[in-house]
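Structure data (compact mmCIF, N, CA and C atoms) from target_36.txt:
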# COMPACT_ATOMS: atom_id res chain seq x y z
N MET A 1 0.87 -1.17 0.00
CA MET A 1 0.00 0.00 0.00
C MET A 1 0.91 1.23 0.00
N SER A 2 0.56 2.21 -0.74
CA SER A 2 1.43 3.37 -0.86
C SER A 2 1.46 4.17 0.44
N SER A 3 2.64 4.72 0.73
CA SER A 3 2.80 5.48 1.97
C SER A 3 1.97 6.76 1.94
N ASN A 4 1.71 7.26 0.72
CA ASN A 4 0.88 8.46 0.58
C ASN A 4 -0.55 8.17 1.06
N ARG A 5 -1.06 7.01 0.70
CA ARG A 5 -2.41 6.62 1.13
C ARG A 5 -2.46 6.43 2.64
N ILE A 6 -1.45 5.77 3.19
CA ILE A 6 -1.39 5.58 4.64
C ILE A 6 -1.34 6.94 5.34
N GLY A 7 -0.59 7.87 4.79
CA GLY A 7 -0.52 9.21 5.37
C GLY A 7 -1.88 9.89 5.40
N ARG A 8 -2.62 9.76 4.31
CA ARG A 8 -3.97 10.35 4.27
C ARG A 8 -4.90 9.67 5.26
N ILE A 9 -4.78 8.35 5.36
CA ILE A 9 -5.62 7.61 6.32
C ILE A 9 -5.27 8.04 7.75
N ASN A 10 -3.97 8.19 8.04
CA ASN A 10 -3.55 8.66 9.37
C ASN A 10 -4.16 10.01 9.70
N GLU A 11 -4.15 10.93 8.73
CA GLU A 11 -4.75 12.25 8.94
C GLU A 11 -6.25 12.16 9.18
N GLU A 12 -6.92 11.30 8.42
CA GLU A 12 -8.37 11.14 8.61
C GLU A 12 -8.69 10.54 9.98
N ILE A 13 -7.91 9.55 10.38
CA ILE A 13 -8.12 8.94 11.70
C ILE A 13 -7.90 9.99 12.78
N GLN A 14 -6.84 10.78 12.66
CA GLN A 14 -6.55 11.82 13.65
C GLN A 14 -7.68 12.83 13.72
N ARG A 15 -8.16 13.27 12.58
CA ARG A 15 -9.24 14.26 12.54
C ARG A 15 -10.53 13.69 13.17
N GLU A 16 -10.86 12.47 12.81
CA GLU A 16 -12.09 11.86 13.31
C GLU A 16 -12.00 11.57 14.81
N LEU A 17 -10.86 11.08 15.27
CA LEU A 17 -10.71 10.80 16.70
C LEU A 17 -10.77 12.09 17.52
N ALA A 18 -10.18 13.16 17.01
CA ALA A 18 -10.25 14.44 17.72
C ALA A 18 -11.70 14.87 17.89
N GLU A 19 -12.50 14.65 16.87
CA GLU A 19 -13.93 14.97 16.96
C GLU A 19 -14.63 14.06 17.98
N GLN A 20 -14.28 12.78 17.97
CA GLN A 20 -14.90 11.83 18.89
C GLN A 20 -14.51 12.11 20.34
N PHE A 21 -13.28 12.58 20.56
CA PHE A 21 -12.83 12.89 21.92
C PHE A 21 -13.74 13.92 22.56
N ARG A 22 -14.22 14.87 21.77
CA ARG A 22 -15.10 15.92 22.31
C ARG A 22 -16.43 15.35 22.77
N ARG A 23 -16.84 14.24 22.17
CA ARG A 23 -18.15 13.65 22.49
C ARG A 23 -18.09 12.60 23.59
N LEU A 24 -16.90 12.18 23.98
CA LEU A 24 -16.79 11.13 25.01
C LEU A 24 -17.35 11.63 26.33
N LYS A 25 -18.07 10.76 27.00
CA LYS A 25 -18.68 11.11 28.27
C LYS A 25 -17.86 10.61 29.46
N ASP A 26 -16.78 9.89 29.19
CA ASP A 26 -15.93 9.37 30.25
C ASP A 26 -15.25 10.55 30.97
N PRO A 27 -15.46 10.72 32.28
CA PRO A 27 -14.88 11.87 32.99
C PRO A 27 -13.36 11.85 33.01
N ARG A 28 -12.75 10.68 32.82
CA ARG A 28 -11.28 10.62 32.79
C ARG A 28 -10.73 11.33 31.57
N VAL A 29 -11.54 11.42 30.50
CA VAL A 29 -11.10 12.07 29.28
C VAL A 29 -11.69 13.47 29.16
N SER A 30 -12.99 13.58 29.36
CA SER A 30 -13.67 14.86 29.14
C SER A 30 -13.43 15.87 30.27
N GLY A 31 -13.10 15.41 31.45
CA GLY A 31 -12.93 16.31 32.59
C GLY A 31 -11.51 16.73 32.86
N THR A 32 -10.61 16.51 31.91
CA THR A 32 -9.19 16.76 32.19
C THR A 32 -8.64 18.01 31.55
N GLY A 33 -9.42 18.74 30.84
CA GLY A 33 -8.88 19.90 30.14
C GLY A 33 -8.52 19.53 28.72
N MET A 34 -7.30 19.85 28.33
CA MET A 34 -6.92 19.66 26.93
C MET A 34 -6.23 18.32 26.70
N VAL A 35 -6.79 17.53 25.77
CA VAL A 35 -6.21 16.28 25.32
C VAL A 35 -6.04 16.41 23.82
N SER A 36 -4.80 16.24 23.34
CA SER A 36 -4.51 16.43 21.92
C SER A 36 -3.94 15.15 21.32
N ILE A 37 -4.29 14.92 20.08
CA ILE A 37 -3.67 13.82 19.32
C ILE A 37 -2.52 14.44 18.54
N THR A 38 -1.30 14.02 18.86
CA THR A 38 -0.15 14.60 18.19
C THR A 38 0.13 13.93 16.85
N ARG A 39 -0.10 12.62 16.78
CA ARG A 39 0.06 11.93 15.50
C ARG A 39 -0.55 10.55 15.57
N VAL A 40 -0.75 9.95 14.39
CA VAL A 40 -1.28 8.60 14.27
C VAL A 40 -0.37 7.84 13.32
N ASP A 41 0.02 6.63 13.72
CA ASP A 41 0.81 5.75 12.86
C ASP A 41 0.03 4.47 12.64
N THR A 42 -0.36 4.22 11.40
CA THR A 42 -1.13 3.03 11.06
C THR A 42 -0.22 2.04 10.35
N THR A 43 -0.39 0.76 10.66
CA THR A 43 0.38 -0.26 9.96
C THR A 43 -0.08 -0.35 8.51
N GLY A 44 0.76 -0.89 7.65
CA GLY A 44 0.45 -0.98 6.23
C GLY A 44 -0.78 -1.80 5.91
N ASP A 45 -1.09 -2.79 6.76
CA ASP A 45 -2.28 -3.62 6.51
C ASP A 45 -3.53 -3.07 7.19
N LEU A 46 -3.42 -1.90 7.81
CA LEU A 46 -4.53 -1.21 8.48
C LEU A 46 -5.13 -1.99 9.64
N ARG A 47 -4.36 -2.88 10.24
CA ARG A 47 -4.87 -3.65 11.37
C ARG A 47 -4.71 -2.92 12.70
N TYR A 48 -3.65 -2.11 12.81
CA TYR A 48 -3.37 -1.41 14.06
C TYR A 48 -3.05 0.05 13.79
N ALA A 49 -3.44 0.89 14.73
CA ALA A 49 -3.10 2.31 14.65
C ALA A 49 -2.61 2.76 16.02
N ARG A 50 -1.40 3.29 16.07
CA ARG A 50 -0.88 3.87 17.29
C ARG A 50 -1.30 5.33 17.31
N VAL A 51 -2.00 5.71 18.35
CA VAL A 51 -2.49 7.08 18.49
C VAL A 51 -1.70 7.72 19.62
N TYR A 52 -0.89 8.73 19.27
CA TYR A 52 -0.07 9.41 20.26
C TYR A 52 -0.86 10.59 20.82
N VAL A 53 -1.01 10.60 22.14
CA VAL A 53 -1.87 11.55 22.82
C VAL A 53 -1.04 12.38 23.80
N SER A 54 -1.28 13.68 23.79
CA SER A 54 -0.64 14.59 24.73
C SER A 54 -1.71 15.20 25.62
N VAL A 55 -1.42 15.21 26.92
CA VAL A 55 -2.35 15.74 27.91
C VAL A 55 -1.72 16.96 28.56
N LEU A 56 -2.47 18.03 28.63
CA LEU A 56 -1.94 19.28 29.20
C LEU A 56 -1.53 19.08 30.66
N ASP A 57 -2.38 18.45 31.45
CA ASP A 57 -2.10 18.20 32.85
C ASP A 57 -1.47 16.81 32.98
N LYS A 58 -0.16 16.76 33.14
CA LYS A 58 0.57 15.48 33.16
C LYS A 58 0.18 14.60 34.34
N THR A 59 -0.37 15.17 35.40
CA THR A 59 -0.77 14.35 36.55
C THR A 59 -1.96 13.47 36.21
N GLN A 60 -2.72 13.84 35.19
CA GLN A 60 -3.90 13.06 34.81
C GLN A 60 -3.66 12.19 33.58
N GLU A 61 -2.44 12.14 33.11
CA GLU A 61 -2.13 11.44 31.86
C GLU A 61 -2.52 9.96 31.91
N GLN A 62 -2.17 9.26 32.99
CA GLN A 62 -2.48 7.83 33.07
C GLN A 62 -3.98 7.58 33.13
N ASP A 63 -4.72 8.44 33.82
CA ASP A 63 -6.18 8.30 33.86
C ASP A 63 -6.78 8.50 32.47
N VAL A 64 -6.26 9.48 31.73
CA VAL A 64 -6.76 9.74 30.37
C VAL A 64 -6.51 8.52 29.49
N LEU A 65 -5.30 7.94 29.58
CA LEU A 65 -4.99 6.76 28.77
C LEU A 65 -5.88 5.58 29.12
N LYS A 66 -6.17 5.42 30.41
CA LYS A 66 -7.09 4.34 30.83
C LYS A 66 -8.49 4.59 30.28
N GLY A 67 -8.94 5.84 30.33
CA GLY A 67 -10.26 6.17 29.78
C GLY A 67 -10.34 5.93 28.29
N LEU A 68 -9.28 6.30 27.57
CA LEU A 68 -9.26 6.08 26.12
C LEU A 68 -9.21 4.60 25.78
N LYS A 69 -8.44 3.84 26.56
CA LYS A 69 -8.39 2.39 26.32
C LYS A 69 -9.76 1.77 26.55
N SER A 70 -10.44 2.24 27.58
CA SER A 70 -11.78 1.76 27.87
C SER A 70 -12.77 2.10 26.75
N ALA A 71 -12.58 3.25 26.12
CA ALA A 71 -13.48 3.70 25.06
C ALA A 71 -13.02 3.27 23.66
N SER A 72 -11.93 2.52 23.57
CA SER A 72 -11.35 2.22 22.26
C SER A 72 -12.30 1.44 21.35
N SER A 73 -13.09 0.52 21.89
CA SER A 73 -14.00 -0.22 21.02
C SER A 73 -15.09 0.70 20.46
N PHE A 74 -15.59 1.62 21.29
CA PHE A 74 -16.56 2.60 20.81
C PHE A 74 -15.94 3.49 19.74
N LEU A 75 -14.73 3.99 20.00
CA LEU A 75 -14.06 4.87 19.04
C LEU A 75 -13.78 4.14 17.73
N ARG A 76 -13.38 2.88 17.84
CA ARG A 76 -13.11 2.08 16.64
C ARG A 76 -14.38 1.87 15.81
N ARG A 77 -15.47 1.59 16.49
CA ARG A 77 -16.76 1.40 15.80
C ARG A 77 -17.17 2.69 15.07
N GLU A 78 -16.99 3.84 15.74
CA GLU A 78 -17.33 5.12 15.12
C GLU A 78 -16.42 5.41 13.93
N LEU A 79 -15.14 5.07 14.05
CA LEU A 79 -14.22 5.24 12.92
C LEU A 79 -14.67 4.41 11.73
N GLY A 80 -15.07 3.18 12.01
CA GLY A 80 -15.54 2.30 10.95
C GLY A 80 -16.74 2.87 10.21
N ARG A 81 -17.62 3.50 10.93
CA ARG A 81 -18.81 4.10 10.29
C ARG A 81 -18.45 5.28 9.41
N THR A 82 -17.55 6.11 9.86
CA THR A 82 -17.26 7.34 9.12
C THR A 82 -16.23 7.15 8.02
N LEU A 83 -15.19 6.35 8.26
CA LEU A 83 -14.12 6.22 7.26
C LEU A 83 -14.41 5.17 6.20
N GLN A 84 -15.20 4.18 6.53
CA GLN A 84 -15.60 3.12 5.59
C GLN A 84 -14.39 2.45 4.94
N LEU A 85 -13.46 2.00 5.78
CA LEU A 85 -12.32 1.24 5.31
C LEU A 85 -12.66 -0.24 5.33
N ARG A 86 -11.89 -1.02 4.58
CA ARG A 86 -12.11 -2.47 4.61
C ARG A 86 -11.87 -2.99 6.02
N TYR A 87 -10.79 -2.55 6.63
CA TYR A 87 -10.49 -2.90 8.02
C TYR A 87 -10.40 -1.61 8.83
N THR A 88 -11.04 -1.63 9.97
CA THR A 88 -10.89 -0.50 10.88
C THR A 88 -9.80 -0.89 11.87
N PRO A 89 -8.74 -0.11 11.96
CA PRO A 89 -7.61 -0.52 12.80
C PRO A 89 -7.94 -0.55 14.28
N GLU A 90 -7.28 -1.48 14.97
CA GLU A 90 -7.36 -1.53 16.43
C GLU A 90 -6.54 -0.36 16.96
N LEU A 91 -7.11 0.38 17.90
CA LEU A 91 -6.47 1.60 18.39
C LEU A 91 -5.62 1.32 19.62
N GLN A 92 -4.39 1.81 19.59
CA GLN A 92 -3.48 1.71 20.72
C GLN A 92 -3.10 3.15 21.11
N PHE A 93 -3.45 3.54 22.31
CA PHE A 93 -3.19 4.91 22.76
C PHE A 93 -1.87 4.95 23.54
N ILE A 94 -1.01 5.89 23.14
CA ILE A 94 0.33 6.01 23.72
C ILE A 94 0.54 7.46 24.15
N ALA A 95 1.08 7.63 25.35
CA ALA A 95 1.38 8.98 25.86
C ALA A 95 2.52 9.58 25.04
N ASP A 96 2.36 10.82 24.65
CA ASP A 96 3.37 11.53 23.87
C ASP A 96 3.81 12.77 24.64
N ASP A 97 5.08 12.82 24.96
CA ASP A 97 5.58 13.97 25.71
C ASP A 97 6.41 14.90 24.82
N SER A 98 6.23 14.84 23.52
CA SER A 98 7.03 15.65 22.60
C SER A 98 6.78 17.15 22.80
N ILE A 99 5.56 17.53 23.12
CA ILE A 99 5.27 18.95 23.36
C ILE A 99 6.00 19.43 24.62
N GLN A 100 5.95 18.63 25.66
CA GLN A 100 6.64 18.97 26.90
C GLN A 100 8.15 19.00 26.66
N HIS A 101 8.66 18.05 25.89
CA HIS A 101 10.09 18.00 25.58
C HIS A 101 10.51 19.24 24.79
N GLY A 102 9.70 19.63 23.82
CA GLY A 102 9.98 20.84 23.04
C GLY A 102 9.98 22.09 23.90
N ALA A 103 9.05 22.18 24.83
CA ALA A 103 8.98 23.33 25.73
C ALA A 103 10.23 23.38 26.62
N HIS A 104 10.70 22.22 27.05
CA HIS A 104 11.91 22.16 27.88
C HIS A 104 13.13 22.64 27.09
N ILE A 105 13.26 22.20 25.86
CA ILE A 105 14.37 22.64 25.01
C ILE A 105 14.31 24.14 24.77
N LEU A 106 13.11 24.66 24.51
CA LEU A 106 12.94 26.10 24.33
C LEU A 106 13.37 26.88 25.58
N GLU A 107 13.02 26.37 26.74
CA GLU A 107 13.41 27.01 27.99
C GLU A 107 14.93 27.00 28.15
N LEU A 108 15.58 25.90 27.80
CA LEU A 108 17.04 25.83 27.88
C LEU A 108 17.69 26.85 26.94
N LEU A 109 17.15 26.98 25.74
CA LEU A 109 17.67 27.95 24.79
C LEU A 109 17.51 29.38 25.30
N ARG A 110 16.38 29.67 25.91
CA ARG A 110 16.16 31.01 26.47
C ARG A 110 17.13 31.30 27.61
N GLN A 111 17.42 30.29 28.42
CA GLN A 111 18.39 30.48 29.50
C GLN A 111 19.77 30.79 28.94
N GLU A 112 20.16 30.09 27.88
CA GLU A 112 21.46 30.35 27.26
C GLU A 112 21.51 31.75 26.65
N GLU A 113 20.42 32.19 26.03
CA GLU A 113 20.37 33.54 25.48
C GLU A 113 20.51 34.58 26.58
N ALA A 114 19.88 34.33 27.72
CA ALA A 114 19.97 35.27 28.85
C ALA A 114 21.40 35.33 29.37
N LYS A 115 22.08 34.18 29.43
CA LYS A 115 23.48 34.16 29.87
C LYS A 115 24.36 34.95 28.90
N ASP A 116 24.14 34.75 27.61
CA ASP A 116 24.91 35.49 26.59
C ASP A 116 24.67 36.99 26.70
N ALA A 117 23.43 37.38 26.91
CA ALA A 117 23.10 38.79 27.03
C ALA A 117 23.74 39.40 28.28
N ALA A 118 23.85 38.62 29.36
CA ALA A 118 24.44 39.12 30.60
C ALA A 118 25.95 39.30 30.47
N ARG A 119 26.59 38.52 29.62
CA ARG A 119 28.04 38.64 29.41
C ARG A 119 28.41 39.90 28.63
N GLY A 120 27.46 40.39 27.86
CA GLY A 120 27.71 41.58 27.07
C GLY A 120 28.19 41.22 25.67
N PRO A 121 28.51 42.25 24.86
CA PRO A 121 28.93 41.99 23.48
C PRO A 121 30.30 41.31 23.45
N LYS A 122 30.51 40.51 22.41
CA LYS A 122 31.78 39.79 22.23
C LYS A 122 32.87 40.75 21.79
N GLU A 123 34.06 40.54 22.31
CA GLU A 123 35.24 41.31 21.92
C GLU A 123 35.89 40.61 20.73
N GLU A 124 36.28 41.38 19.72
CA GLU A 124 36.94 40.77 18.56
C GLU A 124 38.35 41.17 18.47
Show me the file's structure as structure tokens.
Amino acid sequence: MSSNRIGRINEEIQRELAEQFRRLKDPRVSGTGMVSITRVDTTGDLRYARVYVSVLDKTQEQDVLKGLKSASSFLRRELGRTLQLRYTPELQFIADDSIQHGAHILELLRQEEAKDAARGPKEE
């Protein structure tokens, strides 16, 4: 299967799951503030999809993942209805800390800039 098609399917799954997350009634997911899908990786045979999820409040991350795992059969059924694929992939939810990691790197860069500014202009 072409990687271009898989890429489009990943985008559709991400878009549809984001919509479904808003409708979930599970308090572990809906009561936590912001839950974002950072990316989706689907296998070539469309049997499995890894859904990377970022949670704004890291203290609730494990509860959100448990809620999503509990709702995965419902979410999969809804995906099957809307996407109309031959196979609807089994959803695996994985915590993604890439946003937090990026924010940490940005903070380190800002600290280095502040140190450079405190030293003053370079002598040549």
Sorted per-residue table, range 22-58 of chain A near range 84-92 of chain A, closest atoms and distance, 6 Å, only C-alpha atoms, as CSV:
residue,atom,partner,partner_atom,distance
A:Leu46,CA,A:Pro89,CA,5.4
A:Arg47,CA,A:Pro89,CA,4.4
A:Tyr48,CA,A:Pro89,CA,4.5
A:Ala49,CA,A:Leu91,CA,5.1
A:Arg50,CA,A:Gln92,CA,4.8
A:Val51,CA,A:Gln92,CA,5.9
DSSP-assigned helix (DSSP H, G or I) among range 74-119 of chain A, expressed as number ranges by chain:
A: 74-83, 98-119
Counting all atoms listed in the file, closest pick from A:Ala71, A:Leu108, A:Ala95, A:Leu24 relative to Val55 in chain A is A:Ala95
Can I get the residues of range 46-91 of chain A within 8 Å of range 10-16 of chain A, each with the closest pair of atoms and their distance in Å to one decimal, using only N, CA and C atoms, sorted chain first then ascending number, as a Markdown table?
| residue | atom | partner | partner_atom | distance |
| --- | --- | --- | --- | --- |
| A:Val51 | CA | A:Gln14 | CA | 7.9 |
| A:Glu78 | C | A:Glu16 | C | 7.6 |
| A:Leu79 | CA | A:Glu16 | CA | 7.0 |
| A:Leu83 | CA | A:Glu12 | C | 7.5 |
Residues near Ser30 in chain A, anyone? I mean within 8 Å using only N, CA and C atoms, not counting same-chain ones fewer than 5 positions away, as a PyMOL selection string.
chain A and resi 21-25+64+67
Hey, can you spit out that residue selection with N, CA and C atoms as a tab-separated table (two decimals), in the coordinates of the input?
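Below is the file that was written, again_39.tsv:
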chain	number	residue	atom	x	y	z
A	21	PHE	N	-13.28	12.58	20.56
A	21	PHE	CA	-12.83	12.89	21.92
A	21	PHE	C	-13.74	13.92	22.56
A	22	ARG	N	-14.22	14.87	21.77
A	22	ARG	CA	-15.10	15.92	22.31
A	22	ARG	C	-16.43	15.35	22.77
A	23	ARG	N	-16.84	14.24	22.17
A	23	ARG	CA	-18.15	13.65	22.49
A	23	ARG	C	-18.09	12.60	23.59
A	24	LEU	N	-16.90	12.18	23.98
A	24	LEU	CA	-16.79	11.13	25.01
A	24	LEU	C	-17.35	11.63	26.33
A	25	LYS	N	-18.07	10.76	27.00
A	25	LYS	CA	-18.68	11.11	28.27
A	25	LYS	C	-17.86	10.61	29.46
A	64	VAL	N	-6.26	9.48	31.73
A	64	VAL	CA	-6.76	9.74	30.37
A	64	VAL	C	-6.51	8.52	29.49
A	67	GLY	N	-8.94	5.84	30.33
A	67	GLY	CA	-10.26	6.17	29.78
A	67	GLY	C	-10.34	5.93	28.29
Nearest to Tyr52 in chain A by atom-to-atom distance, counting only N, CA and C atoms, from A:Leu17, A:Ile6, A:Ala117, A:Ile94
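Looking only at the distances to Tyr52 in chain A, the closest residue turns out to be A:Ile94.
One finds CA of Phe93 in chain A at 6.9 Å from atom C of Leu65 in chain A.
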Just how far from CA of Asp97 in chain A is CA of Gln111 in chain A, in Å to one decimal?
21.2 Å
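In this model, the gap between CA of Glu19 in chain A and atom C of Gly102 in chain A comes to 25.9 Å.
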With distances taken over only N, CA and C atoms, which residue among A:Ser98, A:Arg28, A:Ile105, A:Ala118 lies nearest Gln62 in chain A?
A:Arg28
Using DSSP on the backbone, list every residue of chain A that comes out as strand (DSSP E), and give them as a PyMOL selection string.
chain A and resi 35-42+48-55+90-95
Contacts of Ile9 in chain A within 8 Å, all atoms listed in the file, excl. fewer than 6 positions in-chain, as JSON, numbers by chain:
{"A": [3, 15, 40, 42]}
For the selection you just gave me, I'd like the residues written to a file as a PDB file, keeping the file's coordinate frame, keeping N, CA and C atoms.
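To be explicit, this is the file written out as selection-v5.pdb:
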ATOM      1  N   SER A   3       2.640   4.720   0.730  1.00  0.00           N
ATOM      2  CA  SER A   3       2.800   5.480   1.970  1.00  0.00           C
ATOM      3  C   SER A   3       1.970   6.760   1.940  1.00  0.00           C
ATOM      4  N   ARG A  15      -8.160  13.270  12.580  1.00  0.00           N
ATOM      5  CA  ARG A  15      -9.240  14.260  12.540  1.00  0.00           C
ATOM      6  C   ARG A  15     -10.530  13.690  13.170  1.00  0.00           C
ATOM      7  N   VAL A  40      -0.750   9.950  14.390  1.00  0.00           N
ATOM      8  CA  VAL A  40      -1.280   8.600  14.270  1.00  0.00           C
ATOM      9  C   VAL A  40      -0.370   7.840  13.320  1.00  0.00           C
ATOM     10  N   THR A  42      -0.360   4.220  11.400  1.00  0.00           N
ATOM     11  CA  THR A  42      -1.130   3.030  11.060  1.00  0.00           C
ATOM     12  C   THR A  42      -0.220   2.040  10.350  1.00  0.00           C
TER      13      THR A  42
END
